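Data block for data-v4.cif (mmCIF, C-alpha atoms):
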data_my_file
loop_
_atom_site.group_PDB
_atom_site.id
_atom_site.type_symbol
_atom_site.label_atom_id
_atom_site.label_comp_id
_atom_site.auth_asym_id
_atom_site.auth_seq_id
_atom_site.Cartn_x
_atom_site.Cartn_y
_atom_site.Cartn_z
ATOM 1 C CA MET A 278 -30.215 -34.397 15.771
ATOM 2 C CA MET A 279 -31.788 -30.974 15.872
ATOM 3 C CA LYS A 280 -30.785 -28.827 12.913
ATOM 4 C CA GLN A 281 -29.520 -25.391 13.801
ATOM 5 C CA TRP A 282 -28.716 -22.332 11.738
ATOM 6 C CA ARG A 283 -25.375 -20.715 12.206
ATOM 7 C CA MET A 284 -24.604 -17.313 10.853
ATOM 8 C CA ASP A 285 -21.340 -15.449 10.398
ATOM 9 C CA ILE A 286 -20.788 -11.893 9.302
ATOM 10 C CA THR A 287 -17.711 -11.146 7.251
ATOM 11 C CA PRO A 288 -17.604 -7.355 7.399
ATOM 12 C CA LYS A 289 -16.736 -6.048 3.947
ATOM 13 C CA CYS A 290 -16.053 -2.706 5.597
ATOM 14 C CA GLU A 291 -12.885 -3.990 7.297
ATOM 15 C CA ASN A 292 -9.921 -1.637 6.764
ATOM 16 C CA GLY A 293 -12.228 0.962 5.254
ATOM 17 C CA CYS A 294 -12.853 -1.049 2.093
ATOM 18 C CA GLU A 295 -16.399 0.286 1.797
ATOM 19 C CA LEU A 296 -16.091 3.603 3.636
ATOM 20 C CA PHE A 297 -18.824 6.118 2.818
ATOM 21 C CA ILE A 298 -18.600 9.855 3.497
ATOM 22 C CA THR A 299 -21.793 11.905 3.460
ATOM 23 C CA SER A 300 -22.115 15.481 2.217
ATOM 24 C CA ARG A 301 -22.302 16.572 5.881
ATOM 25 C CA GLY A 302 -18.872 15.106 6.558
ATOM 26 C CA THR A 303 -20.155 12.182 8.587
ATOM 27 C CA VAL A 304 -18.614 8.801 7.892
ATOM 28 C CA ARG A 305 -20.355 5.444 7.783
ATOM 29 C CA PRO A 306 -18.732 1.995 7.445
ATOM 30 C CA CYS A 307 -20.522 1.415 4.154
ATOM 31 C CA PHE A 308 -22.899 2.921 1.612
ATOM 32 C CA TRP A 309 -25.596 0.366 2.445
ATOM 33 C CA ILE A 310 -26.353 2.250 5.669
ATOM 34 C CA SER A 311 -28.693 4.468 3.746
ATOM 35 C CA GLU A 312 -30.290 7.826 4.349
ATOM 36 C CA ALA A 313 -33.636 6.085 4.771
ATOM 37 C CA SER A 314 -32.331 3.838 7.553
ATOM 38 C CA ASP A 315 -32.472 4.697 11.275
ATOM 39 C CA GLU A 316 -29.141 2.879 11.646
ATOM 40 C CA LYS A 317 -27.461 5.878 10.019
ATOM 41 C CA ASN A 318 -27.945 7.777 13.310
ATOM 42 C CA ILE A 319 -25.520 5.463 15.113
ATOM 43 C CA PHE A 320 -22.777 7.103 13.034
ATOM 44 C CA ASP A 321 -24.231 10.482 12.060
ATOM 45 C CA LYS A 322 -24.845 11.474 15.686
ATOM 46 C CA ASP A 323 -21.441 10.349 16.945
ATOM 47 C CA ASP A 324 -18.549 12.839 16.751
ATOM 48 C CA ASN A 325 -16.147 9.890 16.454
ATOM 49 C CA TRP A 326 -17.545 9.339 12.955
ATOM 50 C CA ASN A 327 -17.555 12.987 11.896
ATOM 51 C CA LEU A 328 -14.762 14.479 9.774
ATOM 52 C CA ASN A 329 -15.552 17.897 11.234
ATOM 53 C CA LYS A 330 -14.507 16.551 14.648
ATOM 54 C CA THR A 331 -12.270 13.533 14.056
ATOM 55 C CA PRO A 332 -9.492 12.980 11.497
ATOM 56 C CA LEU A 333 -10.032 10.313 8.832
ATOM 57 C CA ASN A 334 -7.122 8.151 10.009
ATOM 58 C CA GLU A 335 -8.566 8.004 13.541
ATOM 59 C CA ILE A 336 -12.006 7.100 12.211
ATOM 60 C CA VAL A 337 -10.533 4.209 10.233
ATOM 61 C CA ASP A 338 -7.819 3.033 12.628
ATOM 62 C CA VAL A 339 -9.811 3.291 15.851
ATOM 63 C CA HIS A 340 -13.567 3.584 15.457
ATOM 64 C CA LEU A 341 -14.096 1.486 12.326
ATOM 65 C CA LYS A 342 -11.643 -1.084 13.644
ATOM 66 C CA ASN A 343 -13.594 -1.367 16.916
ATOM 67 C CA PHE A 344 -16.866 -1.648 14.979
ATOM 68 C CA VAL A 345 -15.479 -4.518 12.879
ATOM 69 C CA GLU A 346 -13.865 -6.295 15.829
ATOM 70 C CA ASP A 347 -17.122 -6.201 17.789
ATOM 71 C CA ILE A 348 -18.963 -7.854 14.902
ATOM 72 C CA LYS A 349 -16.276 -10.482 14.518
ATOM 73 C CA LYS A 350 -16.529 -11.297 18.225
ATOM 74 C CA ASN A 351 -20.286 -11.650 18.022
ATOM 75 C CA PRO A 352 -22.294 -11.261 14.791
ATOM 76 C CA PHE A 353 -25.245 -10.050 16.839
ATOM 77 C CA ASN A 354 -23.258 -6.869 17.499
ATOM 78 C CA GLY A 355 -23.821 -6.111 13.803
ATOM 79 C CA LEU A 356 -26.455 -3.877 12.288
ATOM 80 C CA LYS A 357 -29.482 -5.114 10.407
ATOM 81 C CA VAL A 358 -27.790 -4.074 7.207
ATOM 82 C CA CYS A 359 -24.770 -6.238 8.079
ATOM 83 C CA PHE A 360 -27.070 -9.264 8.086
ATOM 84 C CA TYR A 361 -28.434 -8.310 4.675
ATOM 85 C CA GLU A 362 -25.125 -7.502 3.007
ATOM 86 C CA CYS A 363 -22.334 -9.371 4.800
ATOM 87 C CA THR A 364 -23.683 -12.681 6.114
ATOM 88 C CA GLU A 365 -22.784 -16.166 5.188
ATOM 89 C CA LYS A 366 -25.611 -18.456 6.151
ATOM 90 C CA TYR A 367 -25.119 -22.193 6.343
ATOM 91 C CA LYS A 368 -26.460 -25.220 8.154
ATOM 92 C CA ASP A 369 -24.340 -27.350 10.505
ATOM 93 C CA MET B 218 -3.659 3.651 8.319
ATOM 94 C CA ASN B 219 -3.875 0.690 5.929
ATOM 95 C CA ALA B 220 -4.265 1.441 2.244
ATOM 96 C CA LEU B 221 -7.925 2.251 1.719
ATOM 97 C CA LYS B 222 -9.470 0.474 -1.238
ATOM 98 C CA ASN B 223 -12.401 2.470 -2.480
ATOM 99 C CA ILE B 224 -13.757 5.466 -0.605
ATOM 100 C CA LYS B 225 -17.274 6.416 -1.599
ATOM 101 C CA ILE B 226 -18.100 10.085 -1.255
ATOM 102 C CA GLU B 227 -21.434 11.834 -1.430
ATOM 103 C CA LEU B 228 -20.142 15.188 -2.652
ATOM 104 C CA THR B 229 -23.407 17.015 -2.223
ATOM 105 C CA SER B 230 -26.980 16.567 -1.107
ATOM 106 C CA LYS B 231 -28.149 18.714 -4.036
ATOM 107 C CA CYS B 232 -29.972 17.216 -6.990
ATOM 108 C CA PHE B 233 -32.139 18.520 -9.836
ATOM 109 C CA GLN B 234 -34.184 15.326 -10.062
ATOM 110 C CA SER B 235 -36.780 13.900 -7.709
ATOM 111 C CA CYS B 236 -36.728 10.141 -8.220
ATOM 112 C CA SER B 237 -39.734 8.435 -6.666
ATOM 113 C CA LYS B 238 -37.839 6.131 -4.303
ATOM 114 C CA CYS B 239 -34.940 8.441 -3.517
ATOM 115 C CA PRO B 240 -34.481 9.424 0.145
ATOM 116 C CA ARG B 241 -34.452 13.101 -0.963
ATOM 117 C CA THR B 242 -38.018 12.638 -2.245
ATOM 118 C CA LEU B 243 -39.162 10.488 0.660
ATOM 119 C CA LEU B 244 -37.507 12.671 3.320
ATOM 120 C CA LYS B 245 -38.188 16.016 1.677
ATOM 121 C CA GLY B 246 -37.826 18.871 4.152
ATOM 122 C CA GLN B 247 -35.825 16.754 6.612
ATOM 123 C CA TYR B 248 -32.339 17.509 5.293
ATOM 124 C CA ASN B 249 -30.224 20.491 4.341
ATOM 125 C CA GLU B 250 -28.742 20.956 0.895
ATOM 126 C CA LEU B 251 -24.988 21.025 1.438
ATOM 127 C CA ASP B 252 -21.726 20.594 -0.435
ATOM 128 C CA LEU B 253 -18.942 18.595 1.223
ATOM 129 C CA PRO B 254 -16.113 21.045 2.044
ATOM 130 C CA LEU B 255 -12.990 20.704 -0.107
ATOM 131 C CA GLU B 256 -10.828 20.184 2.998
ATOM 132 C CA HIS B 257 -12.547 16.839 3.615
ATOM 133 C CA ILE B 258 -12.012 15.790 0.025
ATOM 134 C CA GLN B 259 -8.354 16.740 0.413
ATOM 135 C CA SER B 260 -8.101 14.561 3.542
ATOM 136 C CA VAL B 261 -9.410 11.615 1.511
ATOM 137 C CA ILE B 262 -6.883 12.332 -1.242
ATOM 138 C CA ASN B 263 -4.105 12.524 1.365
ATOM 139 C CA ALA B 264 -5.022 9.001 2.511
ATOM 140 C CA GLU B 265 -4.107 7.829 -1.021
ATOM 141 C CA PRO B 266 -6.956 5.348 -1.515
ATOM 142 C CA ASN B 267 -6.767 2.938 -4.431
ATOM 143 C CA MET B 268 -9.949 4.461 -5.771
ATOM 144 C CA ILE B 269 -12.495 7.174 -5.043
ATOM 145 C CA THR B 270 -16.133 6.821 -6.023
ATOM 146 C CA LEU B 271 -18.169 9.995 -6.318
ATOM 147 C CA MET B 272 -21.780 9.095 -5.836
ATOM 148 C CA GLY B 273 -24.915 10.106 -4.027
ATOM 149 C CA ASN B 274 -27.407 9.098 -1.471
ATOM 150 C CA LEU B 275 -29.398 12.306 -1.330
ATOM 151 C CA GLY B 276 -27.564 14.120 -4.104
ATOM 152 C CA ASP B 277 -25.830 13.765 -7.453
ATOM 153 C CA PRO B 278 -22.066 14.505 -7.327
ATOM 154 C CA ILE B 279 -22.012 16.706 -10.438
ATOM 155 C CA TYR B 280 -24.149 19.310 -8.641
ATOM 156 C CA HIS B 281 -21.416 20.105 -6.093
ATOM 157 C CA SER B 282 -20.696 23.771 -6.805
ATOM 158 C CA GLU B 283 -16.969 22.995 -7.167
ATOM 159 C CA PHE B 284 -17.231 19.704 -9.029
ATOM 160 C CA PRO B 285 -14.729 20.669 -11.769
ATOM 161 C CA ALA B 286 -12.149 21.655 -9.125
ATOM 162 C CA ILE B 287 -12.712 18.376 -7.253
ATOM 163 C CA VAL B 288 -12.224 16.318 -10.388
ATOM 164 C CA ARG B 289 -9.008 18.228 -11.012
ATOM 165 C CA MET B 290 -7.797 17.664 -7.411
ATOM 166 C CA ILE B 291 -8.319 13.911 -7.611
ATOM 167 C CA ASN B 292 -6.955 13.646 -11.105
ATOM 168 C CA ASP B 293 -3.828 15.675 -10.268
ATOM 169 C CA ASN B 294 -3.064 13.169 -7.509
ATOM 170 C CA ASP B 295 -3.367 10.331 -10.007
ATOM 171 C CA ILE B 296 -6.083 8.521 -8.031
ATOM 172 C CA PRO B 297 -8.527 6.606 -10.245
ATOM 173 C CA PHE B 298 -12.134 7.597 -9.671
ATOM 174 C CA ASN B 299 -15.657 6.615 -10.654
ATOM 175 C CA VAL B 300 -18.562 9.002 -11.003
ATOM 176 C CA PHE B 301 -22.198 7.908 -10.668
ATOM 177 C CA THR B 302 -24.625 10.506 -12.017
ATOM 178 C CA VAL B 303 -27.748 10.974 -14.099
ATOM 179 C CA GLY B 304 -25.818 13.438 -16.257
ATOM 180 C CA SER B 305 -28.660 15.907 -16.644
ATOM 181 C CA GLY B 306 -28.449 19.651 -16.081
ATOM 182 C CA TYR B 307 -25.363 20.722 -18.045
ATOM 183 C CA GLY B 308 -24.586 21.370 -21.678
ATOM 184 C CA GLU B 309 -21.922 20.082 -24.044
ATOM 185 C CA SER B 310 -19.211 22.651 -23.228
ATOM 186 C CA TRP B 311 -19.421 21.912 -19.491
ATOM 187 C CA TRP B 312 -18.887 18.213 -20.156
ATOM 188 C CA ARG B 313 -16.066 18.824 -22.620
ATOM 189 C CA ASP B 314 -14.275 20.920 -19.983
ATOM 190 C CA ILE B 315 -14.715 18.237 -17.322
ATOM 191 C CA TYR B 316 -13.565 15.359 -19.517
ATOM 192 C CA THR B 317 -10.592 17.373 -20.746
ATOM 193 C CA VAL B 318 -9.099 17.667 -17.250
ATOM 194 C CA CYS B 319 -9.457 13.921 -16.618
ATOM 195 C CA ASN B 320 -7.033 11.204 -17.565
ATOM 196 C CA ASN B 321 -8.379 7.871 -18.787
ATOM 197 C CA LYS B 322 -8.233 6.033 -15.447
ATOM 198 C CA ASN B 323 -11.760 7.053 -14.625
ATOM 199 C CA LYS B 324 -15.174 5.523 -15.243
ATOM 200 C CA TRP B 325 -18.404 7.438 -15.672
ATOM 201 C CA PHE B 326 -21.738 5.767 -14.949
ATOM 202 C CA PHE B 327 -24.925 7.423 -16.180
ATOM 203 C CA ASP B 328 -28.102 6.138 -14.583
ATOM 204 C CA VAL B 329 -30.659 7.053 -17.225
ATOM 205 C CA ASP B 330 -34.119 5.466 -17.051
ATOM 206 C CA GLY B 331 -35.011 5.105 -20.707
ATOM 207 C CA ILE B 332 -34.968 6.914 -24.041
ATOM 208 C CA GLU B 333 -38.435 8.247 -24.887
ATOM 209 C CA THR B 334 -39.550 7.397 -21.359
ATOM 210 C CA ALA B 335 -36.483 8.850 -19.584
ATOM 211 C CA GLY B 336 -37.508 11.071 -16.714
ATOM 212 C CA THR B 337 -40.598 9.046 -15.848
ATOM 213 C CA TYR B 338 -38.930 7.635 -12.725
ATOM 214 C CA ARG B 339 -36.060 10.115 -12.544
ATOM 215 C CA ARG B 340 -38.406 13.093 -12.613
ATOM 216 C CA GLY B 341 -36.661 16.176 -13.953
ATOM 217 C CA LEU B 342 -34.076 14.274 -16.008
ATOM 218 C CA VAL B 343 -33.646 15.675 -19.522
ATOM 219 C CA PHE B 344 -32.604 12.811 -21.799
ATOM 220 C CA GLU B 345 -30.968 15.065 -24.392
ATOM 221 C CA GLN B 346 -28.622 16.495 -21.753
ATOM 222 C CA ALA B 347 -27.743 13.102 -20.281
ATOM 223 C CA TRP B 348 -27.218 11.698 -23.758
ATOM 224 C CA THR B 349 -24.921 14.595 -24.683
ATOM 225 C CA ALA B 350 -22.872 13.918 -21.542
ATOM 226 C CA MET B 351 -22.478 10.247 -22.495
ATOM 227 C CA GLN B 352 -21.877 10.875 -26.183
ATOM 228 C CA VAL B 353 -19.242 13.584 -25.677
ATOM 229 C CA GLY B 354 -17.404 11.391 -23.158
ATOM 230 C CA ALA B 355 -17.358 8.432 -25.532
ATOM 231 C CA GLU B 356 -16.208 10.673 -28.378
ATOM 232 C CA LEU B 357 -13.289 11.822 -26.193
ATOM 233 C CA GLY B 358 -12.313 8.219 -25.462
ATOM 234 C CA LYS B 359 -13.538 8.123 -21.866
ATOM 235 C CA ASN B 360 -14.921 5.010 -20.193
ATOM 236 C CA ILE B 361 -18.641 5.797 -20.399
ATOM 237 C CA ASN B 362 -21.287 3.441 -19.051
ATOM 238 C CA TRP B 363 -25.031 3.693 -19.397
ATOM 239 C CA SER B 364 -26.497 2.011 -16.335
ATOM 240 C CA PHE B 365 -30.087 1.280 -17.364
ATOM 241 C CA PRO B 366 -32.498 0.657 -14.465
ATOM 242 C CA VAL B 367 -35.101 -1.774 -15.771
ATOM 243 C CA LEU B 368 -38.511 -0.568 -14.625
ATOM 244 C CA LYS B 369 -42.062 -1.225 -15.773
ATOM 245 C CA HIS B 370 -42.210 1.996 -17.800
ATOM 246 C CA ASN B 371 -38.980 1.429 -19.757
ATOM 247 C CA GLN B 372 -38.669 -2.357 -20.063
ATOM 248 C CA HIS B 373 -39.651 -2.190 -23.750
ATOM 249 C CA GLU B 374 -36.752 0.191 -24.464
ATOM 250 C CA VAL B 375 -33.901 -1.991 -23.206
ATOM 251 C CA GLY B 376 -32.981 -3.388 -26.626
ATOM 252 C CA ALA B 377 -33.099 -0.016 -28.367
ATOM 253 C CA ALA B 378 -31.057 1.602 -25.603
ATOM 254 C CA LYS B 379 -28.365 -1.032 -25.911
ATOM 255 C CA GLN B 380 -28.201 -0.568 -29.670
ATOM 256 C CA LEU B 381 -27.958 3.192 -29.279
ATOM 257 C CA ALA B 382 -25.196 2.861 -26.701
ATOM 258 C CA ASN B 383 -23.199 0.364 -28.750
ATOM 259 C CA LYS B 384 -23.459 2.533 -31.852
ATOM 260 C CA HIS B 385 -21.756 5.385 -29.992
ATOM 261 C CA GLY B 386 -19.075 3.446 -28.101
ATOM 262 C CA ILE B 387 -20.908 3.580 -24.778
ATOM 263 C CA ASN B 388 -20.874 0.513 -22.509
ATOM 264 C CA PHE B 389 -24.366 -0.658 -21.679
ATOM 265 C CA ARG B 390 -25.204 -2.166 -18.308
ATOM 266 C CA ILE B 391 -28.517 -3.486 -17.093
ATOM 267 C CA ASN B 392 -29.535 -2.679 -13.546
ATOM 268 C CA TYR B 393 -32.257 -5.224 -12.791
ATOM 269 C CA SER B 394 -33.328 -5.156 -9.155
ATOM 270 C CA GLU B 395 -34.553 -8.319 -7.450
ATOM 271 C CA ARG B 396 -35.799 -6.388 -4.408
ATOM 272 C CA TRP B 397 -39.395 -5.359 -4.925
ATOM 273 C CA ASP B 398 -42.539 -5.174 -2.893
ATOM 274 C CA ALA B 399 -45.182 -7.320 -4.566
ATOM 275 C CA ASN B 400 -47.371 -4.402 -5.661
ATOM 276 C CA ASP B 401 -44.666 -1.888 -6.460
ATOM 277 C CA PRO B 402 -45.862 0.104 -9.503
ATOM 278 C CA TRP B 403 -42.265 0.395 -10.800
ATOM 279 C CA LYS B 404 -41.614 -3.352 -10.722
ATOM 280 C CA PRO B 405 -40.888 -4.671 -14.233
ATOM 281 C CA THR B 406 -43.305 -7.271 -15.568
ATOM 282 C CA ILE B 407 -40.584 -9.080 -17.504
ATOM 283 C CA SER B 408 -37.975 -11.336 -15.942
ATOM 284 C CA LYS B 409 -34.213 -10.854 -15.949
ATOM 285 C CA LYS B 410 -34.045 -13.704 -18.466
ATOM 286 C CA ASP B 411 -36.390 -11.833 -20.816
ATOM 287 C CA VAL B 412 -34.288 -8.714 -20.452
ATOM 288 C CA ASP B 413 -31.144 -10.675 -21.271
ATOM 289 C CA LYS B 414 -32.880 -12.076 -24.373
ATOM 290 C CA ALA B 415 -33.884 -8.580 -25.467
ATOM 291 C CA ILE B 416 -30.271 -7.457 -25.514
#
Rewrite the structure of this file - the entire thing - as structure tokens.
Amino acid sequence: MMKQWRMDITPKCENGCELFITSRGTVRPCFWISEASDEKNIFDKDDNWNLNKTPLNEIVDVHLKNFVEDIKKNPFNGLKVCFYECTEKYKD
Amino acid sequence: MNALKNIKIELTSKCFQSCSKCPRTLLKGQYNELDLPLEHIQSVINAEPNMITLMGNLGDPIYHSEFPAIVRMINDNDIPFNVFTVGSGYGESWWRDIYTVCNNKNKWFFDVDGIETAGTYRRGLVFEQAWTAMQVGAELGKNINWSFPVLKHNQHEVGAAKQLANKHGINFRINYSERWDANDPWKPTISKKDVDKAI
């Protein structure tokens, strides 16, 4: 039987457990989305993740929730950093 | 909104140091130096998280121009908080004032890269100032932690740093990274096991 790799992401950022707020007031799901990463722009350039435009409760209850749900539906909706920090890798 | 566990806040993008691998060094000129407005910090406090962590990505939280007021705001709302800093840049009276407004639910982590060699990686760090910050906190009964990044230049100082910390009631923590490029000049030449033996 051919061996296959399966991969699941368990987002540690669910419910805002890892929420990170930058000095500009932008919000990212976690601190691991660093300043040196291009993936930061997904959040930093979106008003839905900006405290200057969107209240914290809406960021957590709507936009973070959608982000987490999308990853749970399909791990390939995750970011690169999600694969580094939140994956469980195992063989079938 | 569900109870938030631990909100991490970069209070400011300002810093007095220029650490070699820090985004502020690597991306110099590509960011503005800003302080997070107090209204956003208040909105985090209003969400009543279980914990707030004041830390940095580009900056060091203690350089927010209203850091003492922020500490007071969080403390007055009885929310435990952690602070991650290098602790350099202020004198004894500044630290005494800060610690005095805090209760004992807080933890302070000082990321200091050596004793004699401190400031080699964290360029601009003044060991005497960082040490004063740690020592005064410990003297006042605060939870003070020296987070020692093991690097090639300071690996020989790990044992002495631990002894110094223990002598003054400061918790000592090793920060030994496993993520290195093969030829990274900062990569320690001793293993984690050797570091553990040294302490």
Selection dump of the PyMOL selection byres ((chain B) within 9 of (chain A)), as a ChimeraX atom specification
/B:218-230,239-241,243-244,249-254,257,260-261,264,273-276
With C-alpha atoms retained, write the just-selected residues as a PDB file, in the coordinates of the input.
ATOM      1  CA  MET B 218      -3.659   3.651   8.319  1.00  0.00           C
ATOM      2  CA  ASN B 219      -3.875   0.690   5.929  1.00  0.00           C
ATOM      3  CA  ALA B 220      -4.265   1.441   2.244  1.00  0.00           C
ATOM      4  CA  LEU B 221      -7.925   2.251   1.719  1.00  0.00           C
ATOM      5  CA  LYS B 222      -9.470   0.474  -1.238  1.00  0.00           C
ATOM      6  CA  ASN B 223     -12.401   2.470  -2.480  1.00  0.00           C
ATOM      7  CA  ILE B 224     -13.757   5.466  -0.605  1.00  0.00           C
ATOM      8  CA  LYS B 225     -17.274   6.416  -1.599  1.00  0.00           C
ATOM      9  CA  ILE B 226     -18.100  10.085  -1.255  1.00  0.00           C
ATOM     10  CA  GLU B 227     -21.434  11.834  -1.430  1.00  0.00           C
ATOM     11  CA  LEU B 228     -20.142  15.188  -2.652  1.00  0.00           C
ATOM     12  CA  THR B 229     -23.407  17.015  -2.223  1.00  0.00           C
ATOM     13  CA  SER B 230     -26.980  16.567  -1.107  1.00  0.00           C
ATOM     14  CA  CYS B 239     -34.940   8.441  -3.517  1.00  0.00           C
ATOM     15  CA  PRO B 240     -34.481   9.424   0.145  1.00  0.00           C
ATOM     16  CA  ARG B 241     -34.452  13.101  -0.963  1.00  0.00           C
ATOM     17  CA  LEU B 243     -39.162  10.488   0.660  1.00  0.00           C
ATOM     18  CA  LEU B 244     -37.507  12.671   3.320  1.00  0.00           C
ATOM     19  CA  ASN B 249     -30.224  20.491   4.341  1.00  0.00           C
ATOM     20  CA  GLU B 250     -28.742  20.956   0.895  1.00  0.00           C
ATOM     21  CA  LEU B 251     -24.988  21.025   1.438  1.00  0.00           C
ATOM     22  CA  ASP B 252     -21.726  20.594  -0.435  1.00  0.00           C
ATOM     23  CA  LEU B 253     -18.942  18.595   1.223  1.00  0.00           C
ATOM     24  CA  PRO B 254     -16.113  21.045   2.044  1.00  0.00           C
ATOM     25  CA  HIS B 257     -12.547  16.839   3.615  1.00  0.00           C
ATOM     26  CA  SER B 260      -8.101  14.561   3.542  1.00  0.00           C
ATOM     27  CA  VAL B 261      -9.410  11.615   1.511  1.00  0.00           C
ATOM     28  CA  ALA B 264      -5.022   9.001   2.511  1.00  0.00           C
ATOM     29  CA  GLY B 273     -24.915  10.106  -4.027  1.00  0.00           C
ATOM     30  CA  ASN B 274     -27.407   9.098  -1.471  1.00  0.00           C
ATOM     31  CA  LEU B 275     -29.398  12.306  -1.330  1.00  0.00           C
ATOM     32  CA  GLY B 276     -27.564  14.120  -4.104  1.00  0.00           C
TER      33      GLY B 276
END
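Among B:Ile361, B:Ile287, B:Leu368, B:Ile296, the residue with the shortest atom-to-atom distance to Phe326 in chain B, counting all atoms listed in the file, is B:Ile361.
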Starting from 5 Å padding per side, set up an axis-aligned box that covers all listed atoms of range 346-352 of chain A and hand over centre and edge lengths in Å, one decimal, as lines of an AutoDock Vina configuration file.
center_x = -18.1
center_y = -8.9
center_z = 16.4
size_x = 18.4
size_y = 15.4
size_z = 13.7
Find the distance between CA of Phe344 in chain A and CA of Gln259 in chain B and write it in Å to one decimal.
25.0 Å
Tell me which of B:Asn320, B:Asp413, B:Gln234, B:Leu271 sits closest to Val343 in chain B, counting only C-alpha atoms.
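So, comparing all the options, the nearest one is B:Gln234.
Taking all atoms listed in the file into account, the protein, DNA and RNA residues within 12 Å of (-4.0, 15.4, -9.6) read B:Gln259, B:Ile262, B:Asn263, B:Glu265, B:Ala286, B:Ile287, B:Val288, B:Arg289, B:Met290, B:Ile291, B:Asn292, B:Asp293, B:Asn294, B:Asp295, B:Ile296, B:Pro297, B:Phe298, B:Val318, B:Cys319, B:Asn320, B:Lys322.
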Resulting file, chosen residues, C-alpha atoms, as a compact mmCIF listing (two decimals), keeping the file's coordinate frame:
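Everything below was put into part.txt:
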# COMPACT_ATOMS: atom_id res chain seq x y z
CA GLN B 259 -8.35 16.74 0.41
CA ILE B 262 -6.88 12.33 -1.24
CA ASN B 263 -4.11 12.52 1.36
CA GLU B 265 -4.11 7.83 -1.02
CA ALA B 286 -12.15 21.66 -9.12
CA ILE B 287 -12.71 18.38 -7.25
CA VAL B 288 -12.22 16.32 -10.39
CA ARG B 289 -9.01 18.23 -11.01
CA MET B 290 -7.80 17.66 -7.41
CA ILE B 291 -8.32 13.91 -7.61
CA ASN B 292 -6.96 13.65 -11.10
CA ASP B 293 -3.83 15.68 -10.27
CA ASN B 294 -3.06 13.17 -7.51
CA ASP B 295 -3.37 10.33 -10.01
CA ILE B 296 -6.08 8.52 -8.03
CA PRO B 297 -8.53 6.61 -10.24
CA PHE B 298 -12.13 7.60 -9.67
CA VAL B 318 -9.10 17.67 -17.25
CA CYS B 319 -9.46 13.92 -16.62
CA ASN B 320 -7.03 11.20 -17.57
CA LYS B 322 -8.23 6.03 -15.45
Which residues would end up in the selection if the PyMOL selection byres ((chain B and resi 328-334) around 12) were applied here, given that I need the answer as a PyMOL selection string?
chain B and resi 234+236+272-273+277+300-305+325-327+335-348+350-351+361-382+389-393+403
Residues selected by the PyMOL selection byres ((chain A and resi 358) around 12), written as a JSON list (two decimals) with C-alpha atoms, in the coordinates of the input:
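New file out36.json:
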[["chain", "number", "residue", "atom", "x", "y", "z"],
["A", 286, "ILE", "CA", -20.79, -11.89, 9.30],
["A", 288, "PRO", "CA", -17.60, -7.36, 7.40],
["A", 289, "LYS", "CA", -16.74, -6.05, 3.95],
["A", 290, "CYS", "CA", -16.05, -2.71, 5.60],
["A", 306, "PRO", "CA", -18.73, 2.00, 7.44],
["A", 307, "CYS", "CA", -20.52, 1.42, 4.15],
["A", 308, "PHE", "CA", -22.90, 2.92, 1.61],
["A", 309, "TRP", "CA", -25.60, 0.37, 2.44],
["A", 310, "ILE", "CA", -26.35, 2.25, 5.67],
["A", 311, "SER", "CA", -28.69, 4.47, 3.75],
["A", 313, "ALA", "CA", -33.64, 6.08, 4.77],
["A", 314, "SER", "CA", -32.33, 3.84, 7.55],
["A", 315, "ASP", "CA", -32.47, 4.70, 11.28],
["A", 316, "GLU", "CA", -29.14, 2.88, 11.65],
["A", 317, "LYS", "CA", -27.46, 5.88, 10.02],
["A", 352, "PRO", "CA", -22.29, -11.26, 14.79],
["A", 353, "PHE", "CA", -25.24, -10.05, 16.84],
["A", 354, "ASN", "CA", -23.26, -6.87, 17.50],
["A", 355, "GLY", "CA", -23.82, -6.11, 13.80],
["A", 356, "LEU", "CA", -26.46, -3.88, 12.29],
["A", 357, "LYS", "CA", -29.48, -5.11, 10.41],
["A", 359, "CYS", "CA", -24.77, -6.24, 8.08],
["A", 360, "PHE", "CA", -27.07, -9.26, 8.09],
["A", 361, "TYR", "CA", -28.43, -8.31, 4.68],
["A", 362, "GLU", "CA", -25.12, -7.50, 3.01],
["A", 363, "CYS", "CA", -22.33, -9.37, 4.80],
["A", 364, "THR", "CA", -23.68, -12.68, 6.11]]
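A straight line drawn from CA of Glu256 in chain B to CA of Val345 in chain A is 27.0 Å long.
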Kindly reconstruct range 234-239 of chain B with N, CA and C atoms and present the result as a PDB file, in the coordinates of the input.
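Heads up, here's the output in out.pdb:
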ATOM      1  N   GLN B 234     -33.121  16.286  -9.796  1.00  0.00           N
ATOM      2  CA  GLN B 234     -34.184  15.326 -10.062  1.00  0.00           C
ATOM      3  C   GLN B 234     -34.936  15.013  -8.765  1.00  0.00           C
ATOM      4  N   SER B 235     -36.075  14.394  -8.898  1.00  0.00           N
ATOM      5  CA  SER B 235     -36.780  13.900  -7.709  1.00  0.00           C
ATOM      6  C   SER B 235     -37.288  12.498  -8.032  1.00  0.00           C
ATOM      7  N   CYS B 236     -36.389  11.538  -7.925  1.00  0.00           N
ATOM      8  CA  CYS B 236     -36.728  10.141  -8.220  1.00  0.00           C
ATOM      9  C   CYS B 236     -37.675   9.626  -7.133  1.00  0.00           C
ATOM     10  N   SER B 237     -38.640   8.811  -7.577  1.00  0.00           N
ATOM     11  CA  SER B 237     -39.734   8.435  -6.666  1.00  0.00           C
ATOM     12  C   SER B 237     -39.271   7.755  -5.387  1.00  0.00           C
ATOM     13  N   LYS B 238     -38.244   6.892  -5.486  1.00  0.00           N
ATOM     14  CA  LYS B 238     -37.839   6.131  -4.303  1.00  0.00           C
ATOM     15  C   LYS B 238     -36.605   6.710  -3.618  1.00  0.00           C
ATOM     16  N   CYS B 239     -36.152   7.849  -4.087  1.00  0.00           N
ATOM     17  CA  CYS B 239     -34.940   8.441  -3.517  1.00  0.00           C
ATOM     18  C   CYS B 239     -35.225   8.989  -2.119  1.00  0.00           C
TER      19      CYS B 239
END
